[in-house]
>>> print(open('entry.pdb').read())   # PDB, C-alpha atoms and all ligand atoms
ATOM      1  CA  MET A 264     -30.038   9.572 -11.290
ATOM      2  CA  ALA A 265     -28.105  10.838  -8.345
ATOM      3  CA  THR A 266     -27.616  14.474  -9.109
ATOM      4  CA  PRO A 267     -25.062  16.055  -6.750
ATOM      5  CA  LEU A 268     -26.551  18.076  -3.924
ATOM      6  CA  SER A 269     -26.511  21.831  -4.375
ATOM      7  CA  ALA A 270     -24.365  23.834  -1.971
ATOM      8  CA  GLU A 271     -27.461  24.732   0.050
ATOM      9  CA  GLU A 272     -28.686  21.137   0.115
ATOM     10  CA  THR A 273     -25.246  19.938   1.240
ATOM     11  CA  LEU A 274     -25.208  22.392   4.140
ATOM     12  CA  ALA A 275     -28.760  21.494   5.120
ATOM     13  CA  ALA A 276     -28.014  17.765   5.024
ATOM     14  CA  LEU A 277     -24.874  18.081   7.160
ATOM     15  CA  GLN A 278     -26.572  20.351   9.688
ATOM     16  CA  ALA A 279     -29.618  18.106   9.901
ATOM     17  CA  GLU A 280     -27.308  15.242  10.801
ATOM     18  CA  GLY A 281     -26.130  17.264  13.793
ATOM     19  CA  LEU A 282     -22.897  18.737  12.456
ATOM     20  CA  THR A 283     -21.631  22.240  13.022
ATOM     21  CA  VAL A 284     -20.405  23.333   9.614
ATOM     22  CA  HIS A 285     -17.802  26.026   8.944
ATOM     23  CA  GLU A 286     -17.590  27.531   5.479
ATOM     24  CA  HIS A 287     -14.276  28.422   3.855
ATOM     25  CA  ALA A 288     -14.684  31.657   1.900
ATOM     26  CA  GLY A 289     -15.536  30.855  -1.693
ATOM     27  CA  TRP A 290     -16.151  27.125  -1.174
ATOM     28  CA  ALA A 291     -19.520  26.996  -2.921
ATOM     29  CA  THR A 292     -18.017  27.977  -6.281
ATOM     30  CA  HIS A 293     -14.603  26.340  -5.791
ATOM     31  CA  ASN A 294     -14.208  23.309  -8.076
ATOM     32  CA  ARG A 295     -12.373  21.821 -11.065
ATOM     33  CA  ASP A 296     -15.320  21.653 -13.444
ATOM     34  CA  ALA A 297     -14.394  24.545 -15.732
ATOM     35  CA  ALA A 298     -10.651  23.838 -15.684
ATOM     36  CA  THR A 299     -11.093  20.209 -16.703
ATOM     37  CA  GLY A 300     -14.197  20.576 -18.840
ATOM     38  CA  LYS A 301     -15.732  17.751 -16.802
ATOM     39  CA  SER A 302     -18.669  18.352 -14.553
ATOM     40  CA  PHE A 303     -19.223  16.653 -11.227
ATOM     41  CA  GLY A 304     -21.836  13.912 -11.135
ATOM     42  CA  PRO A 305     -23.842  11.832 -11.337
ATOM     43  CA  VAL A 306     -22.656  10.788  -7.888
ATOM     44  CA  ILE A 307     -22.466   7.238  -6.544
ATOM     45  CA  GLY A 308     -20.847   7.400  -3.118
ATOM     46  CA  VAL A 309     -18.589   9.054  -0.562
ATOM     47  CA  LEU A 310     -14.859   8.630  -0.053
ATOM     48  CA  ILE A 311     -12.894   8.990   3.196
ATOM     49  CA  HIS A 312      -9.254  10.154   3.368
ATOM     50  CA  HIS A 313      -6.673  11.187   5.909
ATOM     51  CA  THR A 314      -4.591  14.212   4.920
ATOM     52  CA  ALA A 315      -1.238  12.676   5.959
ATOM     53  CA  GLY A 316      -0.397  15.906   7.751
ATOM     54  CA  HIS A 317      -1.572  18.672  10.027
ATOM     55  CA  ASN A 318      -2.774  22.255   9.638
ATOM     56  CA  ASP A 319      -3.661  21.495   6.028
ATOM     57  CA  LYS A 320      -7.055  23.134   5.606
ATOM     58  CA  GLU A 321      -5.611  25.837   3.320
ATOM     59  CA  LEU A 322      -3.598  23.234   1.420
ATOM     60  CA  CYS A 323      -6.823  21.340   0.762
ATOM     61  CA  PHE A 324      -8.443  24.567  -0.480
ATOM     62  CA  LYS A 325      -5.566  25.801  -2.640
ATOM     63  CA  GLY A 326      -3.973  22.519  -3.667
ATOM     64  CA  ARG A 327      -0.333  21.778  -4.385
ATOM     65  CA  SER A 328       1.908  22.907  -7.236
ATOM     66  CA  ASP A 329       1.251  19.587  -8.995
ATOM     67  CA  LEU A 330      -2.407  19.186  -7.996
ATOM     68  CA  PRO A 331      -4.722  22.213  -8.003
ATOM     69  CA  GLY A 332      -7.353  22.598  -5.303
ATOM     70  CA  PRO A 333      -9.872  21.951  -4.098
ATOM     71  CA  LEU A 334      -8.511  18.606  -2.843
ATOM     72  CA  CYS A 335     -11.778  17.597  -1.183
ATOM     73  CA  HIS A 336     -15.365  18.687  -0.572
ATOM     74  CA  SER A 337     -14.947  18.903   3.190
ATOM     75  CA  TRP A 338     -11.971  19.061   5.545
ATOM     76  CA  LEU A 339     -12.321  17.783   9.096
ATOM     77  CA  GLY A 340      -9.828  19.209  11.554
ATOM     78  CA  LYS A 341      -8.430  17.322  14.508
ATOM     79  CA  THR A 342      -9.896  20.023  16.731
ATOM     80  CA  ASP A 343     -11.004  22.685  14.226
ATOM     81  CA  GLY A 344     -14.271  21.065  13.213
ATOM     82  CA  LEU A 345     -15.781  20.467   9.776
ATOM     83  CA  TRP A 346     -15.078  22.935   6.964
ATOM     84  CA  MET A 347     -16.602  23.203   3.525
ATOM     85  CA  ILE A 348     -13.751  23.415   0.971
ATOM     86  CA  GLY A 349     -15.190  22.783  -2.457
ATOM     87  CA  HIS A 350     -18.402  22.180  -4.330
ATOM     88  CA  GLY A 351     -18.417  20.324  -7.645
ATOM     89  CA  ARG A 352     -15.520  18.370  -9.074
ATOM     90  CA  THR A 353     -12.553  18.210  -6.640
ATOM     91  CA  ASN A 354      -9.128  16.543  -6.844
ATOM     92  CA  HIS A 355      -9.459  13.972  -4.062
ATOM     93  CA  ALA A 356      -9.919  10.520  -5.557
ATOM     94  CA  GLY A 357      -7.832  10.484  -8.736
ATOM     95  CA  ALA A 358      -7.787   7.378 -10.906
ATOM     96  CA  VAL A 359      -9.616   4.531  -9.217
ATOM     97  CA  ASP A 360     -10.750   0.952  -9.863
ATOM     98  CA  LEU A 361     -13.866   0.730 -12.043
ATOM     99  CA  ASP A 362     -14.905  -2.591 -10.452
ATOM    100  CA  VAL A 363     -14.958  -0.937  -7.049
ATOM    101  CA  LEU A 364     -16.963   2.016  -8.402
ATOM    102  CA  ASN A 365     -19.491  -0.417  -9.826
ATOM    103  CA  ALA A 366     -19.710  -2.247  -6.486
ATOM    104  CA  LEU A 367     -20.263   1.058  -4.674
ATOM    105  CA  ARG A 368     -22.933   2.055  -7.160
ATOM    106  CA  GLU A 369     -24.695  -1.286  -6.637
ATOM    107  CA  GLU A 370     -23.972  -1.202  -2.876
ATOM    108  CA  LYS A 371     -22.314  -4.587  -2.972
ATOM    109  CA  SER A 372     -20.196  -5.809  -0.098
ATOM    110  CA  PRO A 373     -17.496  -6.705   0.437
ATOM    111  CA  LEU A 374     -15.901  -4.436  -2.126
ATOM    112  CA  PRO A 375     -13.677  -6.131  -4.717
ATOM    113  CA  LEU A 376      -9.905  -5.695  -4.516
ATOM    114  CA  ASP A 377      -8.721  -2.413  -5.983
ATOM    115  CA  ASN A 378      -6.134  -3.646  -8.454
ATOM    116  CA  GLN A 379      -6.674  -1.173 -11.291
ATOM    117  CA  ALA A 380      -6.722   2.580 -11.697
ATOM    118  CA  ASP A 381      -8.920   2.736 -14.769
ATOM    119  CA  ALA A 382     -11.739   5.117 -13.920
ATOM    120  CA  ASP A 383     -12.155   8.720 -12.804
ATOM    121  CA  GLY A 384     -13.097   8.890  -9.133
ATOM    122  CA  ASN A 385     -13.326  12.687  -9.038
ATOM    123  CA  ASP A 386     -16.408  12.578 -11.271
ATOM    124  CA  CYS A 387     -18.670  10.638  -8.973
ATOM    125  CA  LEU A 388     -17.495  10.623  -5.356
ATOM    126  CA  TYR A 389     -17.832  13.134  -2.528
ATOM    127  CA  GLY A 390     -14.550  13.428  -0.634
ATOM    128  CA  LEU A 391     -13.738  14.074   3.026
ATOM    129  CA  GLU A 392     -10.164  14.799   4.115
ATOM    130  CA  ILE A 393      -9.566  14.109   7.806
ATOM    131  CA  GLU A 394      -6.632  15.939   9.394
ATOM    132  CA  ASN A 395      -4.353  13.120  10.572
ATOM    133  CA  THR A 396      -0.848  11.954   9.715
ATOM    134  CA  GLY A 397      -2.059   8.388   9.290
ATOM    135  CA  LYS A 398       0.670   7.178  11.616
ATOM    136  CA  SER A 399       0.008   5.012  14.660
ATOM    137  CA  ASP A 400       1.106   7.757  17.054
ATOM    138  CA  ASP A 401      -1.625  10.094  15.789
ATOM    139  CA  PRO A 402      -4.986   8.922  17.146
ATOM    140  CA  TYR A 403      -8.312  10.278  15.907
ATOM    141  CA  PRO A 404     -10.084  12.040  18.765
ATOM    142  CA  ASP A 405     -13.552  10.548  19.360
ATOM    143  CA  ALA A 406     -15.201  13.829  18.437
ATOM    144  CA  GLN A 407     -13.364  13.960  15.108
ATOM    145  CA  TYR A 408     -14.191  10.362  14.206
ATOM    146  CA  ARG A 409     -17.824  10.959  15.159
ATOM    147  CA  GLN A 410     -18.014  13.982  12.857
ATOM    148  CA  ALA A 411     -16.622  11.909   9.989
ATOM    149  CA  VAL A 412     -19.371   9.332  10.579
ATOM    150  CA  LEU A 413     -21.998  12.074  10.586
ATOM    151  CA  TRP A 414     -20.579  13.609   7.383
ATOM    152  CA  ALA A 415     -20.802  10.282   5.538
ATOM    153  CA  ALA A 416     -24.238   9.477   6.965
ATOM    154  CA  ALA A 417     -25.594  12.899   6.026
ATOM    155  CA  LEU A 418     -24.667  12.539   2.356
ATOM    156  CA  CYS A 419     -25.883   8.928   2.222
ATOM    157  CA  ARG A 420     -29.173   9.871   3.845
ATOM    158  CA  ALA A 421     -29.690  12.812   1.489
ATOM    159  CA  HIS A 422     -29.264  10.496  -1.491
ATOM    160  CA  GLY A 423     -31.115   7.508  -0.048
ATOM    161  CA  TRP A 424     -27.942   5.411   0.055
ATOM    162  CA  SER A 425     -26.875   2.872   2.665
ATOM    163  CA  GLU A 426     -23.494   2.660   4.414
ATOM    164  CA  LYS A 427     -22.411   0.452   1.498
ATOM    165  CA  SER A 428     -21.978   3.615  -0.565
ATOM    166  CA  VAL A 429     -19.072   4.599   1.713
ATOM    167  CA  ALA A 430     -15.463   3.690   0.906
ATOM    168  CA  GLY A 431     -11.953   4.584   1.984
ATOM    169  CA  HIS A 432      -9.415   5.876  -0.529
ATOM    170  CA  LYS A 433      -7.336   2.747   0.222
ATOM    171  CA  GLU A 434     -10.248   0.619  -0.996
ATOM    172  CA  VAL A 435     -10.566   2.265  -4.413
ATOM    173  CA  GLN A 436      -7.047   3.121  -5.608
ATOM    174  CA  PRO A 437      -4.137   0.634  -5.654
ATOM    175  CA  GLY A 438      -1.315   1.691  -3.346
ATOM    176  CA  LYS A 439      -3.318   4.143  -1.234
ATOM    177  CA  ILE A 440      -3.275   3.665   2.548
ATOM    178  CA  ASP A 441      -5.819   6.227   3.709
ATOM    179  CA  PRO A 442      -7.683   6.428   5.924
ATOM    180  CA  SER A 443      -5.644   4.668   8.588
ATOM    181  CA  PHE A 444      -8.700   3.336  10.419
ATOM    182  CA  ASP A 445     -10.751   0.249   9.577
ATOM    183  CA  MET A 446     -13.434   0.990   6.995
ATOM    184  CA  ASP A 447     -15.752  -1.867   8.035
ATOM    185  CA  ASP A 448     -15.845  -0.407  11.549
ATOM    186  CA  PHE A 449     -16.506   3.011  10.044
ATOM    187  CA  ARG A 450     -19.335   1.731   7.829
ATOM    188  CA  ALA A 451     -20.883  -0.029  10.864
ATOM    189  CA  GLU A 452     -20.982   3.367  12.625
ATOM    190  CA  VAL A 453     -22.505   5.015   9.542
ATOM    191  CA  LYS A 454     -25.160   2.296   9.451
ATOM    192  CA  LYS A 455     -25.988   2.900  13.139
ATOM    193  CA  GLN A 456     -26.352   6.584  12.406
ATOM    194  CA  LEU A 457     -28.497   5.976   9.310
ATOM    195  CA  ASP A 458     -30.793   3.744  11.366
ATOM    196  CA  LEU A 459     -31.598   6.741  13.573
ATOM    197  CA  THR A 460     -34.233   9.235  12.584
ATOM    198  CA  VAL A 461     -32.819  12.728  12.354
ATOM    199  CA  GLY A 462     -34.355  16.144  11.876
ATOM    200  CA  LYS A 463     -36.978  16.448   9.166
ATOM    201  CA  THR A 464     -35.045  19.126   7.325
ATOM    202  CA  ALA A 465     -32.679  16.674   5.657
ATOM    203  CA  PRO A 466     -33.435  16.740   1.951
ATOM    204  CA  THR A 467     -33.977  13.345   0.418
ATOM    205  CA  LYS A 468     -33.363  12.921  -3.257
ATOM    206  CA  PRO A 469     -35.037   9.850  -4.679
ATOM    207  CA  THR A 470     -32.431   7.645  -6.314
ATOM    208  CA  PRO A 471     -34.100   4.663  -7.990
ATOM    209  CA  THR A 472     -30.956   3.738  -9.878
ATOM    210  CA  LYS A 473     -27.408   4.886  -9.658
ATOM    211  CA  PRO A 474     -25.631   5.755 -12.877
ATOM    212  CA  THR A 475     -22.978   3.556 -14.346
ATOM    213  CA  PRO A 476     -19.541   5.168 -14.098
ATOM    214  CA  THR A 477     -17.968   5.571 -17.452
ATOM    215  CA  LYS A 478     -14.591   4.210 -18.374
ATOM    216  CA  PRO A 479     -12.348   6.941 -19.748
ATOM    217  CA  THR A 480     -10.246   4.544 -21.823
ATOM    218  CA  PRO A 481     -12.538   2.648 -24.198
ATOM    219  CA  THR A 482      -9.615   0.863 -25.867
ATOM    220  CA  LYS A 483      -9.066  -1.316 -22.802
ATOM    221  CA  PRO A 484     -10.317  -4.917 -22.838
ATOM    222  CA  THR A 485     -13.700  -5.347 -21.170
ATOM    223  CA  THR A 486     -13.518  -9.025 -20.308
ATOM    224  CA  GLY A 487     -14.199  -8.266 -16.659
ATOM    225  CA  LYS A 488     -12.426  -9.198 -13.468
ATOM    226  CA  ALA A 489     -10.797 -12.284 -14.999
ATOM    227  CA  SER A 490      -8.465 -10.151 -17.057
ATOM    228  CA  LYS A 491      -5.590  -8.624 -15.155
ATOM    229  CA  PRO A 492      -4.692  -4.996 -15.591
ATOM    230  CA  ARG A 493      -1.838  -4.380 -17.999
ATOM    231  CA  VAL A 494       1.247  -2.295 -17.539
ATOM    232  CA  ASP A 495       2.776  -0.819 -20.651
ATOM    233  CA  LEU A 496       6.546  -1.342 -20.382
ATOM    234  CA  SER A 497       7.579   1.516 -22.648
ATOM    235  CA  ARG A 498       5.364   4.018 -20.819
ATOM    236  CA  LEU A 499       6.651   2.785 -17.464
ATOM    237  CA  VAL A 500      10.282   3.075 -18.572
ATOM    238  CA  LYS A 501       9.583   6.611 -19.714
ATOM    239  CA  ALA A 502       8.076   7.395 -16.286
ATOM    240  CA  ALA A 503      11.118   5.892 -14.527
ATOM    241  CA  LYS A 504      13.390   8.072 -16.639
ATOM    242  CA  THR A 505      11.303  11.258 -16.362
ATOM    243  CA  ASP A 506       9.776  11.403 -12.868
ATOM    244  CA  PRO A 507      12.917  11.282 -10.667
ATOM    245  CA  GLY A 508      14.486  14.288 -12.412
ATOM    246  CA  ALA A 509      11.255  16.271 -12.604
ATOM    247  CA  LYS A 510       9.748  18.226  -9.762
ATOM    248  CA  GLN A 511       8.555  16.282  -6.712
ATOM    249  CA  GLY A 512       5.485  14.203  -7.456
ATOM    250  CA  HIS A 513       5.759  14.473 -11.253
ATOM    251  CA  VAL A 514       3.362  11.989 -12.850
ATOM    252  CA  SER A 515       4.004  10.459 -16.288
ATOM    253  CA  TYR A 516       2.039   7.194 -16.127
ATOM    254  CA  MET A 517      -0.148   7.042 -13.064
ATOM    255  CA  ALA A 518      -1.938   3.709 -13.547
ATOM    256  CA  GLY A 519       1.172   1.706 -14.456
ATOM    257  CA  THR A 520       3.303   3.323 -11.775
ATOM    258  CA  ASN A 521       0.683   2.708  -9.095
ATOM    259  CA  LEU A 522       0.388  -0.957 -10.071
ATOM    260  CA  THR A 523       4.168  -1.382 -10.062
ATOM    261  CA  GLU A 524       4.397   0.319  -6.680
ATOM    262  CA  ALA A 525       1.554  -1.778  -5.291
ATOM    263  CA  ALA A 526       3.474  -4.897  -6.358
ATOM    264  CA  LEU A 527       6.701  -3.609  -4.756
ATOM    265  CA  VAL A 528       4.763  -2.888  -1.549
ATOM    266  CA  LYS A 529       3.235  -6.363  -1.629
ATOM    267  CA  LEU A 530       6.690  -7.933  -1.820
ATOM    268  CA  GLY A 531       8.141  -5.699   0.874
ATOM    269  CA  TYR A 532      10.493  -3.650  -1.332
ATOM    270  CA  LEU A 533       8.632  -0.367  -0.907
ATOM    271  CA  ALA A 534       6.998   1.198   2.156
ATOM    272  CA  LYS A 535       3.283   1.820   1.670
ATOM    273  CA  THR A 536       3.777   5.469   2.529
ATOM    274  CA  TYR A 537       5.627   6.033  -0.738
ATOM    275  CA  ALA A 538       3.167   4.199  -2.975
ATOM    276  CA  GLY A 539       0.152   5.397  -4.859
ATOM    277  CA  ASP A 540       0.967   8.948  -5.852
ATOM    278  CA  GLY A 541       1.500   7.892  -9.462
ATOM    279  CA  SER A 542       5.048   9.230  -9.571
ATOM    280  CA  PHE A 543       7.957   6.890 -10.389
ATOM    281  CA  GLY A 544      10.344   8.860  -8.170
ATOM    282  CA  THR A 545      13.725   8.066  -6.662
ATOM    283  CA  THR A 546      12.251   5.957  -3.839
ATOM    284  CA  THR A 547      10.442   3.788  -6.365
ATOM    285  CA  ILE A 548      13.634   3.517  -8.446
ATOM    286  CA  ALA A 549      15.527   2.329  -5.344
ATOM    287  CA  ALA A 550      12.798  -0.191  -4.501
ATOM    288  CA  TYR A 551      12.716  -1.507  -8.052
ATOM    289  CA  ALA A 552      16.507  -1.866  -8.046
ATOM    290  CA  LYS A 553      16.200  -4.056  -4.940
ATOM    291  CA  TRP A 554      13.747  -6.271  -6.834
ATOM    292  CA  GLN A 555      16.184  -6.511  -9.766
ATOM    293  CA  ARG A 556      19.043  -7.486  -7.440
ATOM    294  CA  HIS A 557      16.747 -10.101  -5.880
ATOM    295  CA  LEU A 558      16.377 -11.552  -9.386
ATOM    296  CA  GLY A 559      20.160 -11.708  -9.731
ATOM    297  CA  TYR A 560      20.773  -8.611 -11.827
ATOM    298  CA  THR A 561      23.798  -6.441 -11.079
ATOM    299  CA  GLY A 562      25.283  -3.160 -12.298
ATOM    300  CA  THR A 563      23.293  -1.234 -14.881
ATOM    301  CA  GLU A 564      20.834  -4.128 -15.149
ATOM    302  CA  ALA A 565      19.821  -3.361 -11.568
ATOM    303  CA  ASP A 566      19.545   0.419 -11.888
ATOM    304  CA  GLY A 567      15.835   0.589 -11.016
ATOM    305  CA  THR A 568      14.604   1.113 -14.570
ATOM    306  CA  PRO A 569      12.079  -1.639 -15.308
ATOM    307  CA  GLY A 570      12.935  -4.248 -17.936
ATOM    308  CA  LYS A 571      10.604  -6.689 -19.643
ATOM    309  CA  ILE A 572      11.691  -9.749 -17.657
ATOM    310  CA  SER A 573      11.869  -8.145 -14.226
ATOM    311  CA  LEU A 574       8.531  -6.375 -14.709
ATOM    312  CA  GLY A 575       6.891  -9.546 -16.023
ATOM    313  CA  LYS A 576       8.111 -11.463 -12.997
ATOM    314  CA  LEU A 577       6.901  -8.702 -10.676
ATOM    315  CA  GLY A 578       3.419  -8.895 -12.198
ATOM    316  CA  ASP A 579       3.353 -12.706 -12.132
ATOM    317  CA  THR A 580       4.700 -13.046  -8.587
ATOM    318  CA  THR A 581       2.182 -10.616  -7.151
ATOM    319  CA  GLY A 582      -0.648 -11.486  -9.532
ATOM    320  CA  LEU A 583      -1.390  -7.799  -9.935
ATOM    321  CA  PHE A 584      -0.746  -7.221 -13.631
ATOM    322  CA  THR A 585       0.562  -8.449 -16.949
ATOM    323  CA  VAL A 586       3.026  -6.577 -19.137
ATOM    324  CA  VAL A 587       2.574  -5.239 -22.615
ATOM    325  CA  ALA A 588       5.645  -4.059 -24.444
TER     326      ALA A 588
HETATM  327 ZN    ZN A 601      -6.690   9.981  -0.100
END
>>> encode(input="entry.pdb", output="structure tokens")
Amino acid sequence: MATPLSAEETLAALQAEGLTVHEHAGWATHNRDAATGKSFGPVIGVLIHHTAGHNDKELCFKGRSDLPGPLCHSWLGKTDGLWMIGHGRTNHAGAVDLDVLNALREEKSPLPLDNQADADGNDCLYGLEIENTGKSDDPYPDAQYRQAVLWAAALCRAHGWSEKSVAGHKEVQPGKIDPSFDMDDFRAEVKKQLDLTVGKTAPTKPTPTKPTPTKPTPTKPTTGKASKPRVDLSRLVKAAKTDPGAKQGHVSYMAGTNLTEAALVKLGYLAKTYAGDGSFGTTTIAAYAKWQRHLGYTGTEADGTPGKISLGKLGDTTGLFTVVA
């Protein structure tokens, strides 16, 4: 079983890989384990993010009003270097695709398409947030990218994993776009690094078998990849009626909203930047209204609140989901 590295082991592994590591005060005991009643681990891989902003080290430590910190295990500044932010369960991955988790655990490649958000990614993945807006006018300095490679390689090496245990957030959760660089290129760099021999101080934990991630919703059908994820119409309608009036980023029905947004992105009605936060906000309402008008609806029938027919057609057209009423 892949038991998470202790704080000391994490530091030793990162330093042995050649990284200079800065420690945020309190990082080694900063986690979500007690608050959620869920402990971190067993672990199966590492996840790469971009922060979608700048100067966000403290944000990643403290969290947002709707998402308590820590928001990652490590934060990698554009020029500020690598910082330890949390140790244990952290709020970086959210709800992710179980098929992709299984592929990571088994180190299969390529990874399957992330078309569901049916498993807890915060339980089993280490998370790195890289300071970058994710926009094309914000390049990753070579030194920053290199440190991200070393971070991933260090954790893989410590656990005896290959580069196939590395994923981007965009590969595990529908609608996510981070990180903005190519993950196959990134994994190729991690592999190159893992092929090198580094200092003997890196702890190696034997990992004969990785654990199977558990599905938090046992009532779901388990017929495998052939069955499409389902969106519950009544829950989605409730989200569309609740989220826009609630505070920014309010989440009522994360999995269904993310699938709906992923479908709207696929058809060009919603910009990727707005998808994947699980909130059926005003931008999603506007995008959904465009889809309804495309289907010929007008007036209150095109107000952006999903209906059975429009949602069914959205799922069918994109092939992303079926609807349950
Ligand atoms: Zn992310």
>>> atom_distance(input="entry.pdb", atom1="atom CA of A:Phe444", atom2="atom CA of A:Leu322")
22.4 Å
>>> residues_around(input="entry.pdb", residues="A:His285", least_positions_apart="6", cutoff="9 Å", atoms="all atoms listed in the file", output="ChimeraX atom specification")
/A:344-347
>>> atom_distance(input="entry.pdb", atom1="atom CA of A:Asp377", atom2="atom CA of A:Ala525")
10.3 Å
>>> residues_near_ligand(input="entry.pdb", ligand="ligand ZN 601 (chain A)", cutoff="6 Å", atoms="only C-alpha atoms and all ligand atoms", output="list in words")
His312, His432 and Asp441 of chain A
>>> resolve_selection(input="entry.pdb", expression="the PyMOL selection byres (((chain A and resi 450) around 12) and not hetatm)", output="VMD selection string")
chain A and resid 309 to 311 372 to 373 408 to 409 411 to 416 419 425 to 431 444 to 449 451 to 457
>>> closest_residue(input="entry.pdb", among="A:Gly423, A:Pro569, A:Pro331, A:Gly541", to="A:Gln511", atoms="all atoms listed in the file")
A:Gly541
>>> decode(input="entry.pdb", residues="stretch 348-354 of chain A", atoms="all heavy atoms", output="PDB file, in the first residue's frame")
ATOM      1  N   ILE A 348       2.992  23.841   1.337  1.00  0.00           N
ATOM      2  CA  ILE A 348       1.750  24.518   1.737  1.00  0.00           C
ATOM      3  C   ILE A 348       0.904  23.663   2.678  1.00  0.00           C
ATOM      4  O   ILE A 348       0.311  24.163   3.623  1.00  0.00           O
ATOM      5  CB  ILE A 348       0.912  24.866   0.481  1.00  0.00           C
ATOM      6  CG1 ILE A 348       1.688  25.833  -0.434  1.00  0.00           C
ATOM      7  CG2 ILE A 348      -0.452  25.423   0.866  1.00  0.00           C
ATOM      8  CD1 ILE A 348       1.940  27.203   0.160  1.00  0.00           C
ATOM      9  N   GLY A 349       0.836  22.389   2.378  1.00  0.00           N
ATOM     10  CA  GLY A 349      -0.001  21.513   3.195  1.00  0.00           C
ATOM     11  C   GLY A 349       0.577  20.112   3.261  1.00  0.00           C
ATOM     12  O   GLY A 349       1.424  19.732   2.449  1.00  0.00           O
ATOM     13  N   HIS A 350       0.093  19.372   4.255  1.00  0.00           N
ATOM     14  CA  HIS A 350       0.534  17.979   4.386  1.00  0.00           C
ATOM     15  C   HIS A 350      -0.651  17.162   4.891  1.00  0.00           C
ATOM     16  O   HIS A 350      -1.151  17.406   5.984  1.00  0.00           O
ATOM     17  CB  HIS A 350       1.709  17.877   5.362  1.00  0.00           C
ATOM     18  CG  HIS A 350       2.158  16.468   5.570  1.00  0.00           C
ATOM     19  ND1 HIS A 350       2.760  15.737   4.568  1.00  0.00           N
ATOM     20  CD2 HIS A 350       2.058  15.640   6.631  1.00  0.00           C
ATOM     21  CE1 HIS A 350       3.016  14.518   5.014  1.00  0.00           C
ATOM     22  NE2 HIS A 350       2.596  14.430   6.265  1.00  0.00           N
ATOM     23  N   GLY A 351      -1.104  16.216   4.075  1.00  0.00           N
ATOM     24  CA  GLY A 351      -2.316  15.466   4.401  1.00  0.00           C
ATOM     25  C   GLY A 351      -3.330  15.722   3.305  1.00  0.00           C
ATOM     26  O   GLY A 351      -2.979  15.983   2.156  1.00  0.00           O
ATOM     27  N   ARG A 352      -4.605  15.710   3.693  1.00  0.00           N
ATOM     28  CA  ARG A 352      -5.654  15.931   2.701  1.00  0.00           C
ATOM     29  C   ARG A 352      -5.737  17.425   2.362  1.00  0.00           C
ATOM     30  O   ARG A 352      -5.861  18.264   3.264  1.00  0.00           O
ATOM     31  CB  ARG A 352      -6.977  15.440   3.285  1.00  0.00           C
ATOM     32  CG  ARG A 352      -8.161  15.561   2.370  1.00  0.00           C
ATOM     33  CD  ARG A 352      -9.424  15.118   3.108  1.00  0.00           C
ATOM     34  NE  ARG A 352     -10.587  15.419   2.300  1.00  0.00           N
ATOM     35  CZ  ARG A 352     -11.047  14.638   1.338  1.00  0.00           C
ATOM     36  NH1 ARG A 352     -10.464  13.500   1.080  1.00  0.00           N
ATOM     37  NH2 ARG A 352     -12.079  15.002   0.624  1.00  0.00           N
ATOM     38  N   THR A 353      -5.679  17.782   1.071  1.00  0.00           N
ATOM     39  CA  THR A 353      -5.790  19.183   0.661  1.00  0.00           C
ATOM     40  C   THR A 353      -6.833  19.318  -0.446  1.00  0.00           C
ATOM     41  O   THR A 353      -7.110  18.364  -1.172  1.00  0.00           O
ATOM     42  CB  THR A 353      -4.439  19.755   0.169  1.00  0.00           C
ATOM     43  OG1 THR A 353      -4.109  19.163  -1.101  1.00  0.00           O
ATOM     44  CG2 THR A 353      -3.317  19.491   1.161  1.00  0.00           C
ATOM     45  N   ASN A 354      -7.412  20.525  -0.552  1.00  0.00           N
ATOM     46  CA  ASN A 354      -8.499  20.763  -1.511  1.00  0.00           C
ATOM     47  C   ASN A 354      -7.957  21.173  -2.877  1.00  0.00           C
ATOM     48  O   ASN A 354      -8.091  22.297  -3.300  1.00  0.00           O
ATOM     49  CB  ASN A 354      -9.415  21.875  -0.984  1.00  0.00           C
ATOM     50  CG  ASN A 354     -10.493  21.330  -0.060  1.00  0.00           C
ATOM     51  OD1 ASN A 354     -10.908  20.176  -0.195  1.00  0.00           O
ATOM     52  ND2 ASN A 354     -10.944  22.161   0.874  1.00  0.00           N
TER      53      ASN A 354
END
